[in-house]
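Structure file work-v2.cif with mmCIF, C-alpha atoms:
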data_work
#
loop_
_atom_site.group_PDB
_atom_site.id
_atom_site.type_symbol
_atom_site.label_atom_id
_atom_site.label_comp_id
_atom_site.auth_asym_id
_atom_site.auth_seq_id
_atom_site.Cartn_x
_atom_site.Cartn_y
_atom_site.Cartn_z
ATOM 1 C CA MET V 21 16.702 1.827 -24.438
ATOM 2 C CA LYS V 22 16.916 5.415 -23.139
ATOM 3 C CA MET V 23 16.066 5.937 -19.473
ATOM 4 C CA LEU V 24 16.238 9.046 -17.297
ATOM 5 C CA ILE V 25 18.405 7.453 -14.597
ATOM 6 C CA ASN V 26 21.979 7.516 -13.319
ATOM 7 C CA VAL V 27 22.603 3.809 -12.817
ATOM 8 C CA ALA V 28 20.135 0.959 -12.407
ATOM 9 C CA GLU V 29 21.421 0.049 -8.950
ATOM 10 C CA THR V 30 20.337 3.364 -7.374
ATOM 11 C CA VAL V 31 17.134 4.099 -9.267
ATOM 12 C CA VAL V 32 14.810 3.514 -6.281
ATOM 13 C CA ALA V 33 16.995 5.433 -3.809
ATOM 14 C CA ASN V 34 17.231 8.355 -6.217
ATOM 15 C CA ALA V 35 13.466 8.360 -6.714
ATOM 16 C CA LEU V 36 12.961 8.460 -2.943
ATOM 17 C CA ARG V 37 15.382 11.383 -2.690
ATOM 18 C CA GLY V 38 13.288 13.206 -5.248
ATOM 19 C CA LEU V 39 10.052 12.326 -3.450
ATOM 20 C CA ALA V 40 11.463 13.772 -0.226
ATOM 21 C CA ALA V 41 12.584 16.958 -1.974
ATOM 22 C CA ALA V 42 9.255 17.487 -3.720
ATOM 23 C CA HIS V 43 6.977 16.602 -0.783
ATOM 24 C CA PRO V 44 8.088 17.959 2.594
ATOM 25 C CA GLU V 45 4.762 16.796 4.036
ATOM 26 C CA LEU V 46 6.255 13.286 3.939
ATOM 27 C CA THR V 47 9.019 11.738 6.015
ATOM 28 C CA VAL V 48 11.143 9.621 3.673
ATOM 29 C CA ASP V 49 13.631 7.180 5.172
ATOM 30 C CA ILE V 50 15.753 6.515 2.106
ATOM 31 C CA GLU V 51 18.115 4.022 3.726
ATOM 32 C CA ASN V 52 15.348 1.845 5.194
ATOM 33 C CA ARG V 53 12.876 2.456 2.333
ATOM 34 C CA VAL V 54 9.898 3.713 4.342
ATOM 35 C CA VAL V 55 7.641 6.666 3.437
ATOM 36 C CA VAL V 56 5.481 8.079 6.261
ATOM 37 C CA ARG V 57 3.043 10.981 6.535
ATOM 38 C CA ARG V 58 4.849 13.602 8.567
ATOM 39 C CA ASP V 59 2.135 13.968 11.226
ATOM 40 C CA ALA V 60 2.145 10.238 12.080
ATOM 41 C CA PRO V 61 1.251 8.669 14.381
ATOM 42 C CA VAL V 62 -2.179 10.321 14.514
ATOM 43 C CA ALA V 63 -3.761 9.938 17.946
ATOM 44 C CA GLY V 64 -6.661 7.496 18.105
ATOM 45 C CA LYS V 65 -6.449 6.630 14.423
ATOM 46 C CA VAL V 66 -5.965 3.199 12.843
ATOM 47 C CA ALA V 67 -2.901 3.381 10.606
ATOM 48 C CA LEU V 68 -2.859 2.036 7.048
ATOM 49 C CA VAL V 69 0.356 0.546 5.658
ATOM 50 C CA SER V 70 0.894 -0.832 2.184
ATOM 51 C CA GLY V 71 3.771 -1.424 -0.159
ATOM 52 C CA GLY V 72 5.143 -3.390 -3.045
ATOM 53 C CA GLY V 73 7.737 -3.299 -5.746
ATOM 54 C CA SER V 74 8.707 0.053 -7.205
ATOM 55 C CA GLY V 75 7.762 0.786 -10.798
ATOM 56 C CA HIS V 76 4.011 1.147 -10.185
ATOM 57 C CA GLU V 77 4.034 4.811 -9.174
ATOM 58 C CA PRO V 78 2.163 6.607 -7.744
ATOM 59 C CA LEU V 79 1.215 3.310 -6.053
ATOM 60 C CA HIS V 80 2.075 3.115 -3.128
ATOM 61 C CA ALA V 81 4.245 5.967 -1.854
ATOM 62 C CA GLY V 82 2.215 8.465 -3.855
ATOM 63 C CA PHE V 83 -0.845 7.569 -1.798
ATOM 64 C CA VAL V 84 0.659 8.395 1.606
ATOM 65 C CA GLY V 85 -1.102 11.264 3.340
ATOM 66 C CA PRO V 86 -4.337 12.318 5.055
ATOM 67 C CA GLY V 87 -7.269 10.302 3.764
ATOM 68 C CA MET V 88 -5.234 7.343 2.488
ATOM 69 C CA LEU V 89 -2.102 5.562 3.688
ATOM 70 C CA ASP V 90 -0.070 6.412 6.762
ATOM 71 C CA ALA V 91 3.019 4.671 5.403
ATOM 72 C CA ALA V 92 4.307 2.817 2.361
ATOM 73 C CA CYS V 93 7.212 0.433 1.857
ATOM 74 C CA PRO V 94 8.757 0.545 -1.630
ATOM 75 C CA GLY V 95 10.758 -2.476 -2.705
ATOM 76 C CA GLU V 96 13.209 -2.677 -5.553
ATOM 77 C CA VAL V 97 11.681 -2.529 -9.032
ATOM 78 C CA PHE V 98 8.987 -5.224 -9.293
ATOM 79 C CA THR V 99 10.306 -6.801 -6.075
ATOM 80 C CA SER V 100 8.504 -7.089 -2.758
ATOM 81 C CA PRO V 101 9.669 -4.992 0.185
ATOM 82 C CA VAL V 102 11.105 -6.974 3.067
ATOM 83 C CA PRO V 103 9.489 -7.603 6.480
ATOM 84 C CA ASP V 104 11.875 -5.249 8.287
ATOM 85 C CA GLN V 105 10.559 -2.347 6.189
ATOM 86 C CA MET V 106 6.975 -3.209 7.045
ATOM 87 C CA VAL V 107 7.644 -3.569 10.759
ATOM 88 C CA ARG V 108 9.518 -0.262 10.793
ATOM 89 C CA ALA V 109 6.599 1.404 8.990
ATOM 90 C CA ALA V 110 4.043 -0.070 11.380
ATOM 91 C CA ALA V 111 6.016 1.089 14.412
ATOM 92 C CA ALA V 112 6.332 4.595 12.972
ATOM 93 C CA VAL V 113 2.594 5.074 12.438
ATOM 94 C CA ASP V 114 0.915 3.023 15.178
ATOM 95 C CA SER V 115 -0.969 5.248 17.628
ATOM 96 C CA GLY V 116 -2.172 2.305 19.709
ATOM 97 C CA ALA V 117 -5.355 1.871 17.634
ATOM 98 C CA GLY V 118 -3.786 -0.788 15.417
ATOM 99 C CA VAL V 119 -2.384 -1.082 11.902
ATOM 100 C CA LEU V 120 -4.043 -2.390 8.750
ATOM 101 C CA PHE V 121 -1.747 -3.994 6.166
ATOM 102 C CA ILE V 122 -3.134 -3.704 2.620
ATOM 103 C CA VAL V 123 -1.470 -6.402 0.519
ATOM 104 C CA LYS V 124 -1.673 -7.049 -3.229
ATOM 105 C CA ASN V 125 -1.891 -10.757 -3.987
ATOM 106 C CA TYR V 126 1.639 -11.486 -5.162
ATOM 107 C CA THR V 127 3.555 -14.305 -3.539
ATOM 108 C CA GLY V 128 6.467 -12.230 -2.223
ATOM 109 C CA ASP V 129 4.203 -9.491 -0.884
ATOM 110 C CA VAL V 130 1.914 -11.970 0.880
ATOM 111 C CA LEU V 131 4.748 -13.909 2.529
ATOM 112 C CA ASN V 132 6.631 -10.813 3.647
ATOM 113 C CA PHE V 133 3.579 -9.002 5.004
ATOM 114 C CA ASP V 134 2.534 -12.164 6.890
ATOM 115 C CA MET V 135 5.976 -12.351 8.486
ATOM 116 C CA ALA V 136 5.908 -8.624 9.248
ATOM 117 C CA ALA V 137 2.521 -8.952 10.954
ATOM 118 C CA GLU V 138 3.888 -11.645 13.254
ATOM 119 C CA LEU V 139 6.953 -9.551 14.099
ATOM 120 C CA ALA V 140 4.882 -6.420 14.691
ATOM 121 C CA GLU V 141 2.503 -8.248 16.996
ATOM 122 C CA GLU V 142 5.487 -9.498 18.996
ATOM 123 C CA GLU V 143 6.319 -5.828 19.511
ATOM 124 C CA GLY V 144 2.812 -5.139 20.803
ATOM 125 C CA ILE V 145 1.310 -3.685 17.621
ATOM 126 C CA GLN V 146 -2.169 -4.931 16.751
ATOM 127 C CA VAL V 147 -2.258 -5.827 13.036
ATOM 128 C CA ALA V 148 -4.997 -6.809 10.601
ATOM 129 C CA LYS V 149 -4.427 -7.717 6.938
ATOM 130 C CA VAL V 150 -6.514 -7.287 3.794
ATOM 131 C CA LEU V 151 -5.625 -9.050 0.545
ATOM 132 C CA VAL V 152 -6.415 -7.363 -2.792
ATOM 133 C CA ASP V 153 -7.093 -9.851 -5.624
ATOM 134 C CA ASP V 154 -9.294 -8.117 -8.181
ATOM 135 C CA ASP V 155 -7.783 -9.141 -11.539
ATOM 136 C CA VAL V 156 -10.179 -11.334 -13.548
ATOM 137 C CA ALA V 157 -7.744 -12.060 -16.392
ATOM 138 C CA VAL V 158 -5.982 -15.123 -14.981
ATOM 139 C CA THR V 159 -6.307 -17.305 -11.900
ATOM 140 C CA ASP V 160 -2.606 -18.033 -11.370
ATOM 141 C CA SER V 161 0.537 -16.385 -12.698
ATOM 142 C CA LEU V 162 4.302 -16.407 -12.311
ATOM 143 C CA TYR V 163 3.902 -14.024 -9.380
ATOM 144 C CA THR V 164 0.900 -15.309 -7.462
ATOM 145 C CA ALA V 165 -1.420 -18.113 -6.480
ATOM 146 C CA GLY V 166 -4.942 -16.976 -7.216
ATOM 147 C CA ARG V 167 -5.950 -13.664 -8.691
ATOM 148 C CA ARG V 168 -3.526 -10.766 -8.911
ATOM 149 C CA GLY V 169 -4.010 -7.499 -7.050
ATOM 150 C CA THR V 170 -4.222 -4.479 -9.355
ATOM 151 C CA GLY V 171 -6.398 -1.369 -9.693
ATOM 152 C CA ALA V 172 -8.742 -2.143 -6.795
ATOM 153 C CA THR V 173 -5.800 -1.430 -4.493
ATOM 154 C CA LEU V 174 -6.486 2.262 -5.059
ATOM 155 C CA PHE V 175 -10.165 1.855 -4.137
ATOM 156 C CA VAL V 176 -9.275 -0.100 -0.992
ATOM 157 C CA GLU V 177 -6.637 2.389 0.145
ATOM 158 C CA LYS V 178 -8.844 5.434 -0.487
ATOM 159 C CA ILE V 179 -12.042 4.114 1.088
ATOM 160 C CA ALA V 180 -10.348 2.451 4.058
ATOM 161 C CA GLY V 181 -8.250 5.583 4.512
ATOM 162 C CA ALA V 182 -11.360 7.733 4.743
ATOM 163 C CA ALA V 183 -12.873 5.348 7.295
ATOM 164 C CA ALA V 184 -9.691 5.522 9.362
ATOM 165 C CA GLU V 185 -9.889 9.324 9.384
ATOM 166 C CA GLU V 186 -13.330 8.896 10.984
ATOM 167 C CA ARG V 187 -11.577 6.982 13.796
ATOM 168 C CA ARG V 188 -13.379 3.730 13.111
ATOM 169 C CA PRO V 189 -11.956 0.642 14.867
ATOM 170 C CA LEU V 190 -9.472 -1.683 13.202
ATOM 171 C CA ALA V 191 -11.833 -4.651 12.731
ATOM 172 C CA GLU V 192 -14.476 -2.453 11.111
ATOM 173 C CA ILE V 193 -11.978 -0.885 8.695
ATOM 174 C CA ALA V 194 -10.590 -4.301 7.773
ATOM 175 C CA ASP V 195 -14.113 -5.569 7.063
ATOM 176 C CA LEU V 196 -14.827 -2.498 4.945
ATOM 177 C CA ALA V 197 -11.611 -2.921 2.963
ATOM 178 C CA THR V 198 -12.455 -6.582 2.350
ATOM 179 C CA ARG V 199 -15.908 -5.542 1.132
ATOM 180 C CA VAL V 200 -14.400 -3.068 -1.330
ATOM 181 C CA ASN V 201 -12.073 -5.716 -2.698
ATOM 182 C CA SER V 202 -14.919 -8.223 -3.042
ATOM 183 C CA ALA V 203 -16.972 -5.633 -4.957
ATOM 184 C CA SER V 204 -14.119 -4.811 -7.398
ATOM 185 C CA ARG V 205 -12.817 -6.369 -10.605
ATOM 186 C CA SER V 206 -10.059 -5.375 -13.063
ATOM 187 C CA PHE V 207 -8.796 -6.257 -16.529
ATOM 188 C CA GLY V 208 -5.651 -4.889 -18.224
ATOM 189 C CA VAL V 209 -4.342 -4.742 -21.789
ATOM 190 C CA ALA V 210 -0.734 -4.156 -22.898
ATOM 191 C CA LEU V 211 0.090 -2.447 -26.194
ATOM 192 C CA SER V 212 3.861 -2.676 -25.625
ATOM 193 C CA ALA V 213 6.308 -4.522 -23.414
ATOM 194 C CA VAL V 214 7.664 -3.058 -20.168
ATOM 195 C CA SER V 215 11.339 -2.091 -19.848
ATOM 196 C CA THR V 216 13.107 -2.294 -16.485
ATOM 197 C CA PRO V 217 16.242 -0.359 -15.458
ATOM 198 C CA ALA V 218 18.099 -3.572 -14.624
ATOM 199 C CA LYS V 219 17.509 -5.062 -18.064
ATOM 200 C CA GLY V 220 17.755 -1.784 -19.928
ATOM 201 C CA GLY V 221 15.123 -2.896 -22.417
ATOM 202 C CA PRO V 222 11.873 -4.856 -22.832
ATOM 203 C CA THR V 223 11.333 -7.766 -20.442
ATOM 204 C CA PHE V 224 9.185 -9.724 -22.894
ATOM 205 C CA ASP V 225 8.578 -9.850 -26.614
ATOM 206 C CA LEU V 226 5.373 -8.262 -27.898
ATOM 207 C CA PRO V 227 5.650 -7.961 -31.678
ATOM 208 C CA PRO V 228 4.466 -4.799 -33.446
ATOM 209 C CA GLY V 229 0.809 -5.017 -34.312
ATOM 210 C CA GLU V 230 -0.082 -7.300 -31.393
ATOM 211 C CA LEU V 231 -1.476 -6.721 -27.894
ATOM 212 C CA GLU V 232 -1.606 -8.784 -24.692
ATOM 213 C CA LEU V 233 -5.073 -9.247 -23.219
ATOM 214 C CA GLY V 234 -5.184 -9.566 -19.446
ATOM 215 C CA VAL V 235 -1.582 -8.532 -18.859
ATOM 216 C CA GLY V 236 -0.296 -8.247 -15.293
ATOM 217 C CA ILE V 237 1.263 -5.102 -13.833
ATOM 218 C CA HIS V 238 4.729 -6.682 -14.005
ATOM 219 C CA GLY V 239 4.252 -7.611 -17.654
ATOM 220 C CA GLU V 240 3.341 -11.204 -16.822
ATOM 221 C CA PRO V 241 1.250 -12.974 -19.477
ATOM 222 C CA GLY V 242 -2.498 -12.587 -19.702
ATOM 223 C CA ARG V 243 -5.185 -14.636 -21.414
ATOM 224 C CA GLU V 244 -4.047 -14.378 -25.015
ATOM 225 C CA ARG V 245 -2.407 -12.278 -27.702
ATOM 226 C CA ARG V 246 -4.322 -10.828 -30.621
ATOM 227 C CA PRO V 247 -3.701 -8.504 -33.533
ATOM 228 C CA MET V 248 -4.112 -4.849 -32.565
ATOM 229 C CA MET V 249 -7.715 -3.843 -31.880
ATOM 230 C CA THR V 250 -9.493 -0.489 -31.835
ATOM 231 C CA SER V 251 -10.142 1.372 -28.597
ATOM 232 C CA GLY V 252 -13.813 0.443 -28.809
ATOM 233 C CA GLU V 253 -13.044 -3.245 -29.328
ATOM 234 C CA ILE V 254 -10.660 -3.274 -26.355
ATOM 235 C CA ALA V 255 -13.311 -1.570 -24.209
ATOM 236 C CA ASP V 256 -15.925 -4.130 -25.258
ATOM 237 C CA LEU V 257 -13.678 -7.039 -24.301
ATOM 238 C CA SER V 258 -12.380 -5.505 -21.047
ATOM 239 C CA VAL V 259 -15.701 -4.304 -19.655
ATOM 240 C CA HIS V 260 -17.533 -7.530 -20.495
ATOM 241 C CA ALA V 261 -14.760 -9.552 -18.825
ATOM 242 C CA VAL V 262 -15.068 -7.447 -15.685
ATOM 243 C CA LEU V 263 -18.869 -7.342 -15.478
ATOM 244 C CA ASP V 264 -19.395 -10.999 -16.349
ATOM 245 C CA ASP V 265 -17.208 -11.936 -13.398
ATOM 246 C CA LEU V 266 -18.484 -9.290 -10.982
ATOM 247 C CA GLY V 267 -22.227 -9.712 -11.392
ATOM 248 C CA GLY V 268 -24.683 -7.741 -9.278
ATOM 249 C CA GLU V 269 -26.479 -4.491 -9.940
ATOM 250 C CA GLY V 270 -26.161 -0.815 -9.110
ATOM 251 C CA PRO V 271 -23.747 2.051 -9.718
ATOM 252 C CA VAL V 272 -19.986 1.653 -9.892
ATOM 253 C CA LEU V 273 -16.792 3.487 -9.213
ATOM 254 C CA LEU V 274 -14.729 3.404 -12.392
ATOM 255 C CA LEU V 275 -10.954 3.608 -12.747
ATOM 256 C CA VAL V 276 -9.511 3.825 -16.251
ATOM 257 C CA ASN V 277 -5.855 3.395 -15.488
ATOM 258 C CA GLY V 278 -2.832 3.983 -17.675
ATOM 259 C CA MET V 279 0.068 1.547 -17.483
ATOM 260 C CA GLY V 280 2.645 4.345 -17.660
ATOM 261 C CA GLY V 281 3.224 4.770 -21.397
ATOM 262 C CA THR V 282 -0.195 5.777 -22.753
ATOM 263 C CA PRO V 283 -1.011 9.500 -23.219
ATOM 264 C CA LEU V 284 -4.049 10.979 -21.496
ATOM 265 C CA LEU V 285 -5.455 11.849 -24.911
ATOM 266 C CA GLU V 286 -5.752 8.131 -25.617
ATOM 267 C CA LEU V 287 -6.897 7.261 -22.094
ATOM 268 C CA TYR V 288 -9.778 9.722 -22.264
ATOM 269 C CA GLY V 289 -10.794 8.369 -25.653
ATOM 270 C CA PHE V 290 -10.724 4.878 -24.176
ATOM 271 C CA THR V 291 -12.754 6.137 -21.197
ATOM 272 C CA ALA V 292 -15.491 7.280 -23.580
ATOM 273 C CA GLU V 293 -15.639 3.758 -25.009
ATOM 274 C CA VAL V 294 -15.699 2.202 -21.524
ATOM 275 C CA HIS V 295 -18.621 4.449 -20.546
ATOM 276 C CA ARG V 296 -20.388 3.410 -23.759
ATOM 277 C CA VAL V 297 -20.085 -0.278 -22.953
ATOM 278 C CA LEU V 298 -21.141 0.210 -19.332
ATOM 279 C CA GLY V 299 -24.177 2.136 -20.584
ATOM 280 C CA GLU V 300 -25.065 -0.676 -22.965
ATOM 281 C CA ARG V 301 -24.906 -3.072 -20.019
ATOM 282 C CA GLY V 302 -27.157 -0.788 -17.946
ATOM 283 C CA VAL V 303 -24.439 0.020 -15.396
ATOM 284 C CA PRO V 304 -24.513 3.606 -14.045
ATOM 285 C CA VAL V 305 -21.108 5.192 -13.400
ATOM 286 C CA ALA V 306 -21.265 7.098 -10.113
ATOM 287 C CA ARG V 307 -17.651 8.312 -10.173
ATOM 288 C CA SER V 308 -14.840 8.168 -12.753
ATOM 289 C CA LEU V 309 -11.097 8.448 -12.268
ATOM 290 C CA VAL V 310 -8.791 8.544 -15.296
ATOM 291 C CA GLY V 311 -4.995 8.575 -15.322
ATOM 292 C CA ASN V 312 -1.784 6.745 -14.488
ATOM 293 C CA TYR V 313 -2.260 5.403 -10.964
ATOM 294 C CA VAL V 314 -1.171 1.731 -10.953
ATOM 295 C CA THR V 315 1.529 1.701 -13.588
ATOM 296 C CA SER V 316 4.098 -0.661 -15.039
ATOM 297 C CA LEU V 317 7.031 1.661 -15.740
ATOM 298 C CA ASP V 318 6.867 2.529 -19.472
ATOM 299 C CA MET V 319 4.337 -0.059 -20.631
ATOM 300 C CA ALA V 320 1.707 1.260 -23.039
ATOM 301 C CA GLY V 321 -1.789 0.048 -22.339
ATOM 302 C CA ALA V 322 -4.678 0.494 -19.941
ATOM 303 C CA SER V 323 -6.725 -1.305 -17.339
ATOM 304 C CA VAL V 324 -10.359 -1.037 -16.316
ATOM 305 C CA THR V 325 -11.407 -1.405 -12.683
ATOM 306 C CA VAL V 326 -14.980 -1.180 -11.427
ATOM 307 C CA CYS V 327 -16.333 -1.367 -7.898
ATOM 308 C CA ARG V 328 -20.004 -1.796 -7.050
ATOM 309 C CA ALA V 329 -20.539 1.153 -4.717
ATOM 310 C CA ASP V 330 -23.388 1.823 -2.295
ATOM 311 C CA GLU V 331 -24.005 5.183 -0.602
ATOM 312 C CA GLU V 332 -21.478 4.515 2.159
ATOM 313 C CA LEU V 333 -18.685 3.639 -0.247
ATOM 314 C CA LEU V 334 -19.440 6.698 -2.409
ATOM 315 C CA ARG V 335 -19.380 8.967 0.641
ATOM 316 C CA LEU V 336 -16.032 7.596 1.745
ATOM 317 C CA TRP V 337 -14.680 7.860 -1.817
ATOM 318 C CA ASP V 338 -15.693 11.546 -1.895
ATOM 319 C CA ALA V 339 -14.087 12.269 1.500
ATOM 320 C CA PRO V 340 -11.061 14.606 1.482
ATOM 321 C CA VAL V 341 -7.674 13.180 0.526
ATOM 322 C CA ALA V 342 -4.276 14.872 0.353
ATOM 323 C CA THR V 343 -1.499 12.763 -1.142
ATOM 324 C CA SER V 344 0.992 13.434 -3.908
ATOM 325 C CA GLY V 345 -0.868 11.078 -6.252
ATOM 326 C CA LEU V 346 -4.496 11.745 -5.313
ATOM 327 C CA ARG V 347 -5.903 14.946 -3.890
ATOM 328 C CA TRP V 348 -9.335 16.501 -3.490
ATOM 329 C CA GLY V 349 -11.655 18.124 -0.952
ATOM 330 C CA ARG V 350 -9.027 19.671 1.336
#

What do you get writing this file as structure tokens?
Amino acid sequence: MKMLINVAETVVANALRGLAAAHPELTVDIENRVVVRRDAPVAGKVALVSGGGSGHEPLHAGFVGPGMLDAACPGEVFTSPVPDQMVRAAAAVDSGAGVLFIVKNYTGDVLNFDMAAELAEEEGIQVAKVLVDDDVAVTDSLYTAGRRGTGATLFVEKIAGAAAEERRPLAEIADLATRVNSASRSFGVALSAVSTPAKGGPTFDLPPGELELGVGIHGEPGRERRPMMTSGEIADLSVHAVLDDLGGEGPVLLLVNGMGGTPLLELYGFTAEVHRVLGERGVPVARSLVGNYVTSLDMAGASVTVCRADEELLRLWDAPVATSGLRWGR
């Protein structure tokens, strides 16, 4: 398996060196694995901190900047960051208004962020936590108890980030972030296996001509395997799975997300099919975002995330954001 790396052991450190070189608006602590917006802490502002295993870029370090996260903690590939990283990040960005931890529902992430919150509070930092668990494909997996956190993480970070820029209090932002998560659902499909630097090749066996329905962002199994389907058939299955679980009425935010190995040409074609199915279900799409945002290294495939969005959520979604991975309105 060909990979654009030096050696597997330094792949994350080298990526952080490159992030620092390309984005001087960020402060990148390579040794301690913390990425911070350079103007932090911002006076009077609640700080948002998230993190997780590397390999899902631009999540999370690519979403550090005005309008989204104040800091991110990248772990090793597909491995949770450690509590010391999270405490260091919280201390670097806390202005006295408190820190919100945004945590995807994976066992290592949950345990380490819980420990970090306790340690940060011992240092006098007020912390609230929000758990993202939007994946409808499976209830439990190798990585988590309950539903996995996937594409809705982007919605939570963007909308909560906009609220923080308005200098809303910590409890209100945490409630808002929880509301976004509760209004969001996701479903992913893999067309190929994911390859990690440590293994140097695929981490699971997905035979040619088959796909994995409901795959996780680490390549963990989904609901079932089937022979390859058309884009329209995959959209039918994915959107119905999401909407049947979500329920409710009204417009949605839509994320059609690439897993890292699918060209935009295919993603936009898939987006057309997703819009078709949503239209058939009578669901208006208020905003669409298409691209590779919550990835799984080189895995081919896509995920669909929708969020029922009222006027407040749409306004906060449209608010300015300036990060390396998401940018508009500034």

Counting all atoms listed in the file, what is within 6 Å of segment 231-237 of chain V, bar same-chain residues fewer than 6 positions away, as a ChimeraX atom specification? /V:157,207-211,243-246,248,316

With C-alpha atoms retained, could you export that selection as a PDB file, in the frame of the given file?
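selection-v8.pdb was written with the following content:
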ATOM      1  CA  ALA V 157      -7.744 -12.060 -16.392  1.00  0.00           C
ATOM      2  CA  PHE V 207      -8.796  -6.257 -16.529  1.00  0.00           C
ATOM      3  CA  GLY V 208      -5.651  -4.889 -18.224  1.00  0.00           C
ATOM      4  CA  VAL V 209      -4.342  -4.742 -21.789  1.00  0.00           C
ATOM      5  CA  ALA V 210      -0.734  -4.156 -22.898  1.00  0.00           C
ATOM      6  CA  LEU V 211       0.090  -2.447 -26.194  1.00  0.00           C
ATOM      7  CA  ARG V 243      -5.185 -14.636 -21.414  1.00  0.00           C
ATOM      8  CA  GLU V 244      -4.047 -14.378 -25.015  1.00  0.00           C
ATOM      9  CA  ARG V 245      -2.407 -12.278 -27.702  1.00  0.00           C
ATOM     10  CA  ARG V 246      -4.322 -10.828 -30.621  1.00  0.00           C
ATOM     11  CA  MET V 248      -4.112  -4.849 -32.565  1.00  0.00           C
ATOM     12  CA  SER V 316       4.098  -0.661 -15.039  1.00  0.00           C
TER      13      SER V 316
END

Exactly which residues make up the result of the PyMOL selection byres ((chain V and resi 138) around 12) on this file, given as an MDAnalysis selection string? chainID V and resid 103:104 106:107 110 121 131:137 139:149

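The space between atom CA of Val55 of chain V and atom CA of Cys93 of chain V spans 6.4 Å.
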
Atom CA of Gly85 of chain V to atom CA of Arg37 of chain V, straight-line distance in Å: 17.6 Å

For Leu333 of chain V, the nearest of the candidates V:Ala180, V:Val66, V:Leu266, V:Val152, counting all atoms listed in the file: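 Ranked by minimum distance to Leu333 of chain V, first place goes to V:Ala180.
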
Between V:Val119, V:Val214, V:Ala33, V:Val27, single out the one closest to Met279 of chain V, counting all atoms listed in the file.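 Using all atoms listed in the file, Met279 of chain V sits closest to V:Val214.
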
For this structure, which residues satisfy the selection - the PyMOL selection byres ((chain V and resi 161-176) around 8) - when it is evaluated on the file as given? I want them as a PyMOL selection string. chain V and resi 79+122+124-128+151-156+158-160+177-181+197-198+200-201+204-206+236-237+240-241+275+277+313-314+323-327+337

Pull out every residue that the PyMOL selection byres ((chain V and resi 330) around 10) matches in the shown coordinates and put them as a ChimeraX atom specification. /V:270-273,306,327-329,331-335

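Of the residues under consideration (V:Gly311, V:Met249, V:Asp338, V:Val123), V:Val123 shows the shortest atom-to-atom contact distance to Ala194 of chain V when counting only C-alpha atoms.
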
Step by step, gather every atom of segment 164-173 of chain V that the file lists, find the box along x, y and z that holds them, add 4 Å on each side, and finally give centre and edge lengths in Å to one decimal, as JSON.
{"center_x": -3.9, "center_y": -9.7, "center_z": -7.1, "size_x": 17.6, "size_y": 24.7, "size_z": 13.2}

As an exercise, work out the distance from atom CA of Val297 of chain V to atom CA of Thr250 of chain V in Å and give it to one decimal place.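 If I compute the distance from atom CA of Val297 of chain V to atom CA of Thr250 of chain V, I get 13.8 Å.
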
Excluding same-chain residues fewer than 2 positions from Val97 of chain V, what lies within 8 Å of it counting only C-alpha atoms, as a PyMOL selection string? chain V and resi 32+73-75+95+99+216

May I have the protein, DNA and RNA residues with any atom at most 10 Å from the point (1.6, 9.2, 8.1), counting all atoms listed in the file, written as a tab-separated table (two decimals) with C-alpha atoms, in the coordinates of the input?
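Just written: point13.tsv:
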chain	number	residue	atom	x	y	z
V	45	GLU	CA	4.76	16.80	4.04
V	46	LEU	CA	6.26	13.29	3.94
V	47	THR	CA	9.02	11.74	6.02
V	55	VAL	CA	7.64	6.67	3.44
V	56	VAL	CA	5.48	8.08	6.26
V	57	ARG	CA	3.04	10.98	6.54
V	58	ARG	CA	4.85	13.60	8.57
V	59	ASP	CA	2.13	13.97	11.23
V	60	ALA	CA	2.14	10.24	12.08
V	61	PRO	CA	1.25	8.67	14.38
V	62	VAL	CA	-2.18	10.32	14.51
V	67	ALA	CA	-2.90	3.38	10.61
V	68	LEU	CA	-2.86	2.04	7.05
V	69	VAL	CA	0.36	0.55	5.66
V	84	VAL	CA	0.66	8.40	1.61
V	85	GLY	CA	-1.10	11.26	3.34
V	86	PRO	CA	-4.34	12.32	5.06
V	87	GLY	CA	-7.27	10.30	3.76
V	88	MET	CA	-5.23	7.34	2.49
V	89	LEU	CA	-2.10	5.56	3.69
V	90	ASP	CA	-0.07	6.41	6.76
V	91	ALA	CA	3.02	4.67	5.40
V	92	ALA	CA	4.31	2.82	2.36
V	109	ALA	CA	6.60	1.40	8.99
V	112	ALA	CA	6.33	4.60	12.97
V	113	VAL	CA	2.59	5.07	12.44
V	114	ASP	CA	0.92	3.02	15.18

Counting all atoms listed in the file, the residue of V:Ala42, V:Arg301, V:Ala183, V:Gly118 that sits nearest Pro340 of chain V: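 Smallest separation from Pro340 of chain V among the options: V:Ala183.
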